[in-house]
$ cat query_33.txt   # compact mmCIF, C-alpha atoms (C1' of nucleotides)
# COMPACT_ATOMS: atom_id res chain seq x y z
CA MET N 1091 -99.97 177.41 131.30
CA ALA N 1092 -100.80 176.52 134.87
CA ASN N 1093 -98.23 178.01 137.21
CA PRO N 1094 -97.10 175.15 139.43
CA ALA N 1095 -96.77 177.49 142.38
CA LEU N 1096 -100.49 178.21 142.22
CA ILE N 1097 -101.71 174.64 142.15
CA ARG N 1098 -103.20 173.60 145.48
CA ASP N 1099 -104.99 170.81 147.24
CA LYS N 1100 -105.63 168.09 144.71
CA ASP N 1101 -102.30 168.38 143.01
CA ALA N 1102 -100.07 169.13 145.97
CA ALA N 1103 -97.49 170.56 143.63
CA ASP N 1104 -94.97 171.90 146.11
CA SER N 1105 -92.00 169.68 146.66
CA GLY N 1106 -90.63 168.34 149.91
CA ILE N 1107 -91.70 165.71 152.35
CA GLY N 1108 -93.30 167.78 155.08
CA ALA N 1109 -92.99 166.58 158.65
CA LEU N 1110 -91.09 163.50 157.51
CA ASP N 1111 -88.18 165.86 156.93
CA SER N 1112 -87.45 165.97 160.65
CA ILE N 1113 -87.15 162.18 160.98
CA LEU N 1114 -83.50 161.15 161.07
CA GLY N 1115 -84.29 157.54 160.20
CA PHE N 1116 -86.06 158.71 157.08
CA HIS N 1117 -83.00 160.60 155.85
CA ILE N 1118 -80.82 157.58 156.47
CA ARG N 1119 -83.22 155.53 154.39
CA LEU N 1120 -83.26 158.02 151.52
CA ALA N 1121 -79.49 158.43 151.55
CA HIS N 1122 -79.06 154.67 151.57
CA GLY N 1123 -81.41 154.37 148.61
CA ALA N 1124 -79.47 156.98 146.63
CA VAL N 1125 -76.15 155.28 147.35
CA TYR N 1126 -77.66 151.89 146.57
CA ARG N 1127 -78.88 153.04 143.15
CA HIS N 1128 -75.61 154.69 142.23
CA PHE N 1129 -73.70 151.62 143.32
CA ASN N 1130 -75.83 149.35 141.16
CA GLU N 1131 -75.29 151.58 138.13
CA ALA N 1132 -71.55 151.59 138.72
CA PHE N 1133 -71.50 147.81 139.14
CA ALA N 1134 -73.97 146.92 136.39
CA GLU N 1135 -71.32 145.45 134.14
CA LEU N 1136 -69.48 143.66 136.93
CA GLU N 1137 -72.81 142.21 138.09
CA LEU N 1138 -71.88 142.46 141.73
CA THR N 1139 -73.98 143.79 144.59
CA GLN N 1140 -72.80 145.75 147.60
CA LYS N 1141 -73.10 142.69 149.79
CA GLN N 1142 -71.23 140.49 147.38
CA VAL N 1143 -68.36 142.95 147.13
CA SER N 1144 -68.27 143.31 150.91
CA VAL N 1145 -67.97 139.56 151.34
CA LEU N 1146 -65.26 139.25 148.69
CA TRP N 1147 -63.35 142.08 150.31
CA LEU N 1148 -63.65 140.61 153.78
CA VAL N 1149 -62.57 137.15 152.66
CA SER N 1150 -59.63 138.70 150.85
CA ASP N 1151 -58.59 140.55 154.01
CA ARG N 1152 -58.99 137.46 156.18
CA PRO N 1153 -58.47 134.26 154.22
CA GLY N 1154 -60.00 131.34 156.05
CA ILE N 1155 -62.66 133.40 157.79
CA ALA N 1156 -65.76 131.40 158.75
CA GLN N 1157 -69.18 132.21 157.36
CA ILE N 1158 -70.46 133.07 160.81
CA ASP N 1159 -67.75 135.70 161.19
CA VAL N 1160 -68.49 137.17 157.78
CA GLY N 1161 -72.10 137.50 158.80
CA GLY N 1162 -71.18 138.99 162.14
CA ARG N 1163 -68.95 141.65 160.71
CA LEU N 1164 -71.36 142.60 157.95
CA GLN N 1165 -74.35 142.30 160.25
CA MET N 1166 -76.13 139.55 158.39
CA ASP N 1167 -77.61 136.38 159.84
CA ARG N 1168 -76.44 132.92 158.89
CA ALA N 1169 -79.15 132.29 156.32
CA THR N 1170 -78.51 135.56 154.50
CA THR N 1171 -74.78 134.93 154.52
CA MET N 1172 -75.42 131.51 153.02
CA THR N 1173 -77.24 132.85 149.98
CA ILE N 1174 -74.49 135.35 149.24
CA VAL N 1175 -71.65 132.87 149.73
CA ASN N 1176 -73.54 130.33 147.64
CA ARG N 1177 -73.84 132.75 144.76
CA LEU N 1178 -70.20 133.77 144.94
CA GLN N 1179 -69.20 130.12 145.02
CA GLU N 1180 -71.43 129.28 142.04
CA ARG N 1181 -69.71 132.04 140.12
CA GLY N 1182 -66.33 130.61 141.06
CA TYR N 1183 -65.20 133.59 143.12
CA LEU N 1184 -64.61 131.75 146.38
CA ARG N 1185 -64.41 128.25 147.79
CA ARG N 1186 -65.28 126.62 151.09
CA GLU N 1187 -63.04 124.35 153.14
CA ARG N 1188 -63.80 122.70 156.42
CA SER N 1189 -61.85 124.47 159.12
CA ALA N 1190 -59.06 122.38 160.62
CA SER N 1191 -59.45 123.97 164.03
CA ASP N 1192 -63.26 123.78 164.25
CA GLY N 1193 -65.10 121.17 162.25
CA ARG N 1194 -68.33 123.15 162.36
CA LYS N 1195 -66.86 126.03 160.45
CA GLN N 1196 -66.37 126.55 156.77
CA ALA N 1197 -63.17 128.44 156.01
CA LEU N 1198 -63.62 130.74 153.02
CA TYR N 1199 -60.96 131.58 150.45
CA LEU N 1200 -60.98 133.63 147.26
CA THR N 1201 -60.21 131.85 144.02
CA SER N 1202 -57.94 133.57 141.56
CA SER N 1203 -60.93 134.73 139.53
CA GLY N 1204 -62.41 136.00 142.78
CA GLU N 1205 -59.32 138.10 143.34
CA THR N 1206 -59.55 139.44 139.82
CA ALA N 1207 -63.20 140.32 140.35
CA LEU N 1208 -62.36 142.04 143.61
CA ASP N 1209 -59.62 144.08 141.96
CA ASP N 1210 -62.12 145.25 139.35
CA ALA N 1211 -64.65 145.96 142.07
CA LYS N 1212 -62.20 148.04 144.05
CA ARG N 1213 -61.63 150.26 141.06
CA CYS N 1214 -65.38 150.71 140.70
CA ILE N 1215 -65.74 151.41 144.40
CA GLU N 1216 -63.11 154.07 144.17
CA SER N 1217 -65.05 156.06 141.60
CA HIS N 1218 -68.29 155.37 143.43
CA GLU N 1219 -66.76 156.71 146.64
CA THR N 1220 -65.39 159.72 144.83
CA TRP N 1221 -68.90 160.49 143.59
CA LEU N 1222 -70.27 160.08 147.11
CA LYS N 1223 -67.57 162.02 148.95
CA SER N 1224 -67.48 164.86 146.40
CA ARG N 1225 -70.18 166.67 148.38
CA PHE N 1226 -68.15 166.75 151.60
CA THR N 1227 -64.88 168.08 152.90
CA PRO N 1228 -62.45 165.47 154.25
CA GLU N 1229 -63.31 166.62 157.77
CA GLU N 1230 -67.00 166.17 157.07
CA VAL N 1231 -66.43 162.68 155.69
CA GLU N 1232 -64.57 161.78 158.85
CA LYS N 1233 -67.33 163.21 161.03
CA LEU N 1234 -70.01 161.47 159.00
CA VAL N 1235 -68.31 158.09 159.21
CA GLU N 1236 -67.85 158.55 162.93
CA MET N 1237 -71.50 159.40 163.46
CA LEU N 1238 -72.71 156.53 161.30
CA SER N 1239 -70.45 154.21 163.30
CA ARG N 1240 -72.24 155.27 166.45
CA ILE N 1241 -75.42 153.94 164.89
CA HIS N 1242 -74.20 150.57 163.69
CA ASP N 1243 -71.68 149.67 166.40
CA MET X 995 -57.60 128.41 177.28
CA ALA X 996 -56.66 129.76 173.88
CA ASN X 997 -56.05 133.48 174.11
CA PRO X 998 -58.11 135.06 171.34
CA ALA X 999 -55.39 137.61 170.71
CA LEU X 1000 -53.04 134.81 169.77
CA ILE X 1001 -55.29 133.09 167.29
CA ARG X 1002 -54.17 133.71 163.74
CA ASP X 1003 -54.87 132.83 160.16
CA LYS X 1004 -57.60 130.24 160.16
CA ASP X 1005 -59.67 131.84 162.88
CA ALA X 1006 -59.13 135.54 162.16
CA ALA X 1007 -60.29 136.33 165.66
CA ASP X 1008 -59.73 140.07 165.78
CA SER X 1009 -62.82 142.13 165.18
CA GLY X 1010 -63.38 144.92 162.70
CA ILE X 1011 -63.86 145.12 159.00
CA GLY X 1012 -60.40 146.08 157.84
CA ALA X 1013 -60.08 148.30 154.80
CA LEU X 1014 -63.85 148.36 154.36
CA ASP X 1015 -63.87 150.67 157.35
CA SER X 1016 -62.76 153.58 155.19
CA ILE X 1017 -65.62 153.20 152.71
CA LEU X 1018 -68.32 155.76 153.41
CA GLY X 1019 -70.94 153.84 151.44
CA PHE X 1020 -70.32 150.81 153.59
CA HIS X 1021 -71.03 152.74 156.78
CA ILE X 1022 -74.23 154.11 155.30
CA ARG X 1023 -75.28 150.58 154.49
CA LEU X 1024 -74.50 149.28 157.98
CA ALA X 1025 -76.22 152.20 159.68
CA HIS X 1026 -79.26 151.74 157.47
CA GLY X 1027 -79.37 148.06 158.37
CA ALA X 1028 -79.22 148.82 162.08
CA VAL X 1029 -82.00 151.39 161.82
CA TYR X 1030 -84.05 149.06 159.65
CA ARG X 1031 -83.84 146.24 162.18
CA HIS X 1032 -84.70 148.45 165.13
CA PHE X 1033 -87.62 149.91 163.20
CA ASN X 1034 -89.00 146.49 162.42
CA GLU X 1035 -88.79 145.45 166.05
CA ALA X 1036 -90.57 148.62 167.12
CA PHE X 1037 -93.27 148.10 164.50
CA ALA X 1038 -93.67 144.35 164.84
CA GLU X 1039 -97.07 144.61 166.48
CA LEU X 1040 -98.31 147.36 164.16
CA GLU X 1041 -97.16 145.27 161.19
CA LEU X 1042 -96.07 148.30 159.23
CA THR X 1043 -92.84 148.80 157.32
CA GLN X 1044 -90.86 152.00 156.98
CA LYS X 1045 -92.12 152.51 153.46
CA GLN X 1046 -95.71 151.92 154.42
CA VAL X 1047 -95.51 154.44 157.26
CA SER X 1048 -93.81 156.95 154.97
CA VAL X 1049 -96.63 156.62 152.44
CA LEU X 1050 -99.34 156.94 155.09
CA TRP X 1051 -97.62 159.98 156.50
CA LEU X 1052 -97.23 161.61 153.11
CA VAL X 1053 -100.85 160.98 152.11
CA SER X 1054 -101.97 162.39 155.45
CA ASP X 1055 -99.91 165.53 154.86
CA ARG X 1056 -101.17 165.93 151.29
CA PRO X 1057 -104.59 164.41 150.83
CA GLY X 1058 -105.27 163.75 147.18
CA ILE X 1059 -101.62 163.28 146.26
CA ALA X 1060 -101.07 161.13 143.18
CA GLN X 1061 -99.15 157.87 143.27
CA ILE X 1062 -96.49 159.26 140.99
CA ASP X 1063 -95.84 162.10 143.43
CA VAL X 1064 -95.66 159.73 146.38
CA GLY X 1065 -93.09 157.73 144.49
CA GLY X 1066 -91.16 160.82 143.52
CA ARG X 1067 -90.93 162.19 147.04
CA LEU X 1068 -89.97 158.86 148.55
CA GLN X 1069 -87.70 158.00 145.63
CA MET X 1070 -89.52 154.90 144.50
CA ASP X 1071 -90.52 154.00 140.96
CA ARG X 1072 -94.13 153.52 139.91
CA ALA X 1073 -94.11 149.74 140.21
CA THR X 1074 -92.70 149.80 143.74
CA THR X 1075 -95.16 152.49 144.77
CA MET X 1076 -97.98 150.35 143.42
CA THR X 1077 -97.18 147.37 145.59
CA ILE X 1078 -97.07 149.52 148.71
CA VAL X 1079 -100.27 151.41 147.93
CA ASN X 1080 -101.97 148.12 147.03
CA ARG X 1081 -101.10 146.64 150.39
CA LEU X 1082 -102.24 149.70 152.30
CA GLN X 1083 -105.48 149.72 150.35
CA GLU X 1084 -106.07 146.00 150.98
CA ARG X 1085 -105.67 146.68 154.68
CA GLY X 1086 -108.20 149.49 154.44
CA TYR X 1087 -105.78 152.27 155.35
CA LEU X 1088 -106.22 154.34 152.21
CA ARG X 1089 -108.41 154.62 149.15
CA ARG X 1090 -107.89 155.67 145.55
CA GLU X 1091 -110.02 158.14 143.63
CA ARG X 1092 -109.62 159.27 140.08
CA SER X 1093 -108.25 162.80 140.11
CA ALA X 1094 -110.75 165.39 138.87
CA SER X 1095 -108.01 167.55 137.40
CA ASP X 1096 -106.06 164.78 135.66
CA GLY X 1097 -107.78 161.56 134.67
CA ARG X 1098 -104.51 159.65 134.57
CA LYS X 1099 -103.86 160.20 138.24
CA GLN X 1100 -105.17 158.38 141.23
CA ALA X 1101 -105.77 160.72 144.17
CA LEU X 1102 -104.93 159.02 147.46
CA TYR X 1103 -106.74 159.59 150.76
CA LEU X 1104 -106.42 158.04 154.19
CA THR X 1105 -109.41 156.20 155.58
CA SER X 1106 -110.29 156.75 159.22
CA SER X 1107 -108.60 153.48 160.16
CA GLY X 1108 -105.62 154.67 158.17
CA GLU X 1109 -105.46 157.79 160.30
CA THR X 1110 -105.70 155.69 163.43
CA ALA X 1111 -102.87 153.49 162.20
CA LEU X 1112 -100.77 156.53 161.40
CA ASP X 1113 -101.35 157.99 164.85
CA ASP X 1114 -100.14 154.72 166.39
CA ALA X 1115 -97.21 154.68 164.00
CA LYS X 1116 -96.20 158.21 164.91
CA ARG X 1117 -95.99 157.23 168.56
CA CYS X 1118 -93.77 154.28 167.62
CA ILE X 1119 -91.63 156.49 165.43
CA GLU X 1120 -91.14 158.90 168.27
CA SER X 1121 -89.60 156.24 170.51
CA HIS X 1122 -87.66 154.83 167.58
CA GLU X 1123 -86.26 158.27 166.83
CA THR X 1124 -85.42 158.78 170.48
CA TRP X 1125 -83.45 155.55 170.43
CA LEU X 1126 -81.66 156.65 167.29
CA LYS X 1127 -80.95 160.23 168.31
CA SER X 1128 -79.85 159.31 171.84
CA ARG X 1129 -76.29 158.90 170.60
CA PHE X 1130 -76.07 162.46 169.27
CA THR X 1131 -76.31 166.01 170.52
CA PRO X 1132 -79.04 168.12 168.91
CA GLU X 1133 -76.36 169.93 166.92
CA GLU X 1134 -74.99 166.64 165.66
CA VAL X 1135 -78.45 165.48 164.63
CA GLU X 1136 -78.89 168.65 162.65
CA LYS X 1137 -75.49 168.27 161.00
CA LEU X 1138 -76.14 164.61 160.24
CA VAL X 1139 -79.51 165.31 158.63
CA GLU X 1140 -77.98 168.09 156.60
CA MET X 1141 -75.16 165.87 155.36
CA LEU X 1142 -77.50 163.00 154.54
CA SER X 1143 -79.67 165.45 152.61
CA ARG X 1144 -76.70 166.33 150.46
CA ILE X 1145 -76.59 162.68 149.44
CA HIS X 1146 -80.23 162.11 148.60
CA ASP X 1147 -81.19 165.51 147.18
C1' DC D 1028 -106.25 165.89 114.94
C1' DA D 1029 -102.03 163.03 115.39
C1' DA D 1030 -97.91 161.84 117.86
C1' DG D 1031 -95.60 161.63 121.97
C1' DA D 1032 -95.41 161.84 127.03
C1' DT D 1033 -97.37 160.68 131.52
C1' DT D 1034 -99.71 157.75 134.79
C1' DG D 1035 -101.46 153.65 136.49
C1' DT D 1036 -101.55 148.75 136.14
C1' DA D 1037 -100.03 143.88 135.64
C1' DT D 1038 -96.29 140.38 135.41
C1' DG D 1039 -92.08 138.51 136.30
C1' DC D 1040 -87.40 138.42 138.12
C1' DT D 1041 -83.73 139.44 141.58
C1' DT D 1042 -81.71 140.56 146.00
C1' DT D 1043 -81.95 140.89 150.78
C1' DA D 1044 -83.72 139.40 155.31
C1' DC D 1045 -85.97 136.62 158.38
C1' DT D 1046 -87.90 132.20 160.59
C1' DA D 1047 -87.96 127.43 161.57
C1' DA D 1048 -86.14 123.05 161.49
C1' DC D 1049 -82.40 119.77 161.21
C1' DA D 1050 -77.53 117.69 161.30
C1' DA D 1051 -72.79 117.79 162.56
C1' DA D 1052 -69.32 119.41 165.59
C1' DT D 1053 -67.84 121.53 169.74
C1' DA D 1054 -67.96 123.03 174.67
C1' DG D 1055 -69.21 122.61 179.36
C1' DG D 1056 -71.06 120.38 183.66
C1' DC D 1057 -71.07 116.32 186.16
C1' DG J 619 -65.84 109.92 179.71
C1' DC J 620 -70.79 111.13 179.09
C1' DC J 621 -74.73 113.86 178.52
C1' DT J 622 -76.59 118.16 177.47
C1' DA J 623 -76.46 122.61 175.51
C1' DT J 624 -74.51 125.61 172.15
C1' DT J 625 -72.58 126.77 167.78
C1' DT J 626 -72.31 126.46 162.84
C1' DG J 627 -73.86 125.31 158.50
C1' DT J 628 -77.59 123.97 155.70
C1' DT J 629 -82.27 123.84 153.61
C1' DA J 630 -86.87 125.52 152.81
C1' DG J 631 -90.31 128.84 152.99
C1' DT J 632 -92.02 133.69 153.41
C1' DA J 633 -91.93 138.57 152.63
C1' DA J 634 -90.43 143.34 151.34
C1' DA J 635 -88.42 146.08 148.06
C1' DG J 636 -86.56 147.27 143.60
C1' DC J 637 -86.42 147.06 138.77
C1' DA J 638 -87.72 146.11 133.81
C1' DT J 639 -91.14 145.46 130.50
C1' DA J 640 -95.46 145.87 128.36
C1' DC J 641 -100.01 147.76 127.87
C1' DA J 642 -104.10 150.95 128.33
C1' DA J 643 -105.99 155.29 129.41
C1' DT J 644 -105.30 160.09 129.63
C1' DC J 645 -103.12 164.33 128.80
C1' DT J 646 -100.00 167.52 126.15
C1' DT J 647 -97.98 169.39 122.27
C1' DG J 648 -97.06 170.30 117.53
$ encode --input "query_33.txt" --output "structure tokens"
Amino acid sequence: MANPALIRDKDAADSGIGALDSILGFHIRLAHGAVYRHFNEAFAELELTQKQVSVLWLVSDRPGIAQIDVGGRLQMDRATTMTIVNRLQERGYLRRERSASDGRKQALYLTSSGETALDDAKRCIESHETWLKSRFTPEEVEKLVEMLSRIHD
Amino acid sequence: MANPALIRDKDAADSGIGALDSILGFHIRLAHGAVYRHFNEAFAELELTQKQVSVLWLVSDRPGIAQIDVGGRLQMDRATTMTIVNRLQERGYLRRERSASDGRKQALYLTSSGETALDDAKRCIESHETWLKSRFTPEEVEKLVEMLSRIHD
DNA sequence: CAAGATTGTATGCTTTACTAACAAATAGGC
DNA sequence: GCCTATTTGTTAGTAAAGCATACAATCTTG
């Protein structure tokens, strides 16, 4: 009955976010939230988070990498890195070894089940990325990545 | 002594994130993290989070807005919205009133101290946004916002 | 009016992020 | 070599944010 377009004041029925719309940081936050939710749906059965996959991937690329370097590359502090590595170790996806060249460091390696999990994850990421990139041309994706890099580098 | 470029295997001394670099979602996550950290530094003395400021701003723009609409516009579920509104209410920044038009809804209004806090926050956001946008031309900012909107709309 | 949907609320769990403190190992100045 | 400072890992505690579930009150619809 009530035409939504006519509702005013108390119901604030028009959509949009008003002046917030001009805040770049706000759009980054919303976009991140949307990607985060889609990722979690895609990875529900694998039971892996974005961070966990990132760490697995990084350790796979650089066997023997130290925790501090994982944190540095993924922009996490030592404590945060610990909790993620701990969980991955508990699940048997990676193991720690004392580094031979620096006794302070823990060298990280994937286990074979960690590699299997990462292979599954990469397939999920592929479809997740396809979903995400479907709204852009290849040139736009490149431009977007480049601009985002300017923020986090 | 040891040339970093020569270190191999166990130390993985080169920088970068390898194949992860081509994952758009990963860059969104890193950029979000960088913005999040800078925001928190800028708002350390105000003791407000991004979400809290967003809610204050939205309630200021639309006095009497219901919690469910706040959540919808900021893409949060009811439970998450509750915790944020609760905290803002505890701090005396906003108040709840039963909606006259719909008894299920709580109409939200800023208190005068809430408006003061929002004014302070807007000044902080301005410098935060300046920091963020300083790496882009105005055209790039516009393009970036437009592309991010394609993700979260 | 009855049944279903919406909204707010309360509770509990998980992940991420940060701080502070401490121990072990390394690096640097003398 | 020795002493001090730094780095790295670890633990413990705090907090924000997100989500699921359940329940009550209210509204909507058949």
$ interface_residues --input "query_33.txt" --of "chain D" --to "chain X" --cutoff "10 Å" --atoms "only C-alpha atoms (C1' of nucleotides)" --output "PDB file with C-alpha atoms (C1' of nucleotides), in the coordinates of the input"
ATOM      1  C1'  DT D1033     -97.370 160.680 131.520  1.00  0.00           C
ATOM      2  C1'  DT D1034     -99.710 157.750 134.790  1.00  0.00           C
ATOM      3  C1'  DG D1035    -101.460 153.650 136.490  1.00  0.00           C
ATOM      4  C1'  DT D1036    -101.550 148.750 136.140  1.00  0.00           C
ATOM      5  C1'  DA D1037    -100.030 143.880 135.640  1.00  0.00           C
ATOM      6  C1'  DA D1044     -83.720 139.400 155.310  1.00  0.00           C
TER       7       DA D1044
END
$ closest_residue --input "query_33.txt" --among "X:Ala1101, X:Ile1078, X:Leu1126, X:Leu1142" --to "chain J" --atoms "only C-alpha atoms (C1' of nucleotides)"
X:Ile1078
$ interface_residues --input "query_33.txt" --of "chain J" --to "chain X" --cutoff "7 Å" --atoms "all atoms listed in the file" --output "PyMOL selection string"
chain J and resi 636+643-644
$ write_last_selection --input "query_33.txt" --atoms "C-alpha atoms (C1' of nucleotides)" --output "CSV table (one decimal), in the coordinates of the input"
chain,number,residue,atom,x,y,z
J,636,DG,C1',-86.6,147.3,143.6
J,643,DA,C1',-106.0,155.3,129.4
J,644,DT,C1',-105.3,160.1,129.6
$ closest_residue --input "query_33.txt" --among "X:Asp1114, X:Glu1084, X:Glu1136, X:Glu1041" --to "chain N" --atoms "only C-alpha atoms"
X:Glu1136
$ atom_distance --input "query_33.txt" --atom1 "CA of Glu1216 (chain N)" --atom2 "CA of Gly1115 (chain N)"
26.8 Å
$ residues_around --input "query_33.txt" --residues "DC1057 (chain D)" --least-positions-apart "4" --cutoff "12 Å" --atoms "only C-alpha atoms (C1' of nucleotides)" --output "PyMOL selection string"
chain J and resi 619-622
$ write_last_selection --input "query_33.txt" --atoms "C-alpha atoms (C1' of nucleotides)" --output "PDB file, in the frame of the given file"
ATOM      1  C1'  DG J 619     -65.840 109.920 179.710  1.00  0.00           C
ATOM      2  C1'  DC J 620     -70.790 111.130 179.090  1.00  0.00           C
ATOM      3  C1'  DC J 621     -74.730 113.860 178.520  1.00  0.00           C
ATOM      4  C1'  DT J 622     -76.590 118.160 177.470  1.00  0.00           C
TER       5       DT J 622
END
$ atom_distance --input "query_33.txt" --atom1 "CA of Ala1036 (chain X)" --atom2 "CA of Cys1118 (chain X)"
6.5 Å
$ residues_around --input "query_33.txt" --residues "DA630 (chain J)" --least-positions-apart "3" --cutoff "12 Å" --atoms "all atoms listed in the file" --output "PyMOL selection string"
(chain N and resi 1169) or (chain D and resi 1046-1049)
$ decode --input "query_33.txt" --residues "chain D" --atoms "C-alpha atoms (C1' of nucleotides)" --output "mmCIF file, in the first residue's frame"
data_model
loop_
_atom_site.group_PDB
_atom_site.id
_atom_site.type_symbol
_atom_site.label_atom_id
_atom_site.label_comp_id
_atom_site.auth_asym_id
_atom_site.auth_seq_id
_atom_site.Cartn_x
_atom_site.Cartn_y
_atom_site.Cartn_z
ATOM 1 C "C1'" DC D 1028 -8.268 -14.151 13.088
ATOM 2 C "C1'" DA D 1029 -4.274 -17.229 12.213
ATOM 3 C "C1'" DA D 1030 0.164 -18.007 10.157
ATOM 4 C "C1'" DG D 1031 4.242 -16.232 8.599
ATOM 5 C "C1'" DA D 1032 7.644 -12.492 8.175
ATOM 6 C "C1'" DT D 1033 10.267 -8.735 10.243
ATOM 7 C "C1'" DT D 1034 12.796 -6.481 13.890
ATOM 8 C "C1'" DG D 1035 15.184 -6.208 18.018
ATOM 9 C "C1'" DT D 1036 17.467 -8.642 21.619
ATOM 10 C "C1'" DA D 1037 20.479 -11.982 24.090
ATOM 11 C "C1'" DT D 1038 24.088 -15.609 24.027
ATOM 12 C "C1'" DG D 1039 27.868 -17.913 22.436
ATOM 13 C "C1'" DC D 1040 31.570 -18.953 19.204
ATOM 14 C "C1'" DT D 1041 35.277 -17.772 15.835
ATOM 15 C "C1'" DT D 1042 38.719 -15.014 13.510
ATOM 16 C "C1'" DT D 1043 41.648 -11.226 13.319
ATOM 17 C "C1'" DA D 1044 44.565 -7.674 15.487
ATOM 18 C "C1'" DC D 1045 46.930 -5.544 18.970
ATOM 19 C "C1'" DT D 1046 49.737 -4.948 23.437
ATOM 20 C "C1'" DA D 1047 52.866 -6.365 26.887
ATOM 21 C "C1'" DA D 1048 56.055 -9.318 28.789
ATOM 22 C "C1'" DC D 1049 59.523 -12.882 28.571
ATOM 23 C "C1'" DA D 1050 63.207 -16.197 26.686
ATOM 24 C "C1'" DA D 1051 66.460 -17.596 23.303
ATOM 25 C "C1'" DA D 1052 69.461 -16.359 19.653
ATOM 26 C "C1'" DT D 1053 71.924 -13.078 16.987
ATOM 27 C "C1'" DA D 1054 74.406 -8.705 15.857
ATOM 28 C "C1'" DG D 1055 77.134 -4.816 16.896
ATOM 29 C "C1'" DG D 1056 80.252 -1.724 19.670
ATOM 30 C "C1'" DC D 1057 84.057 -1.718 22.534
#
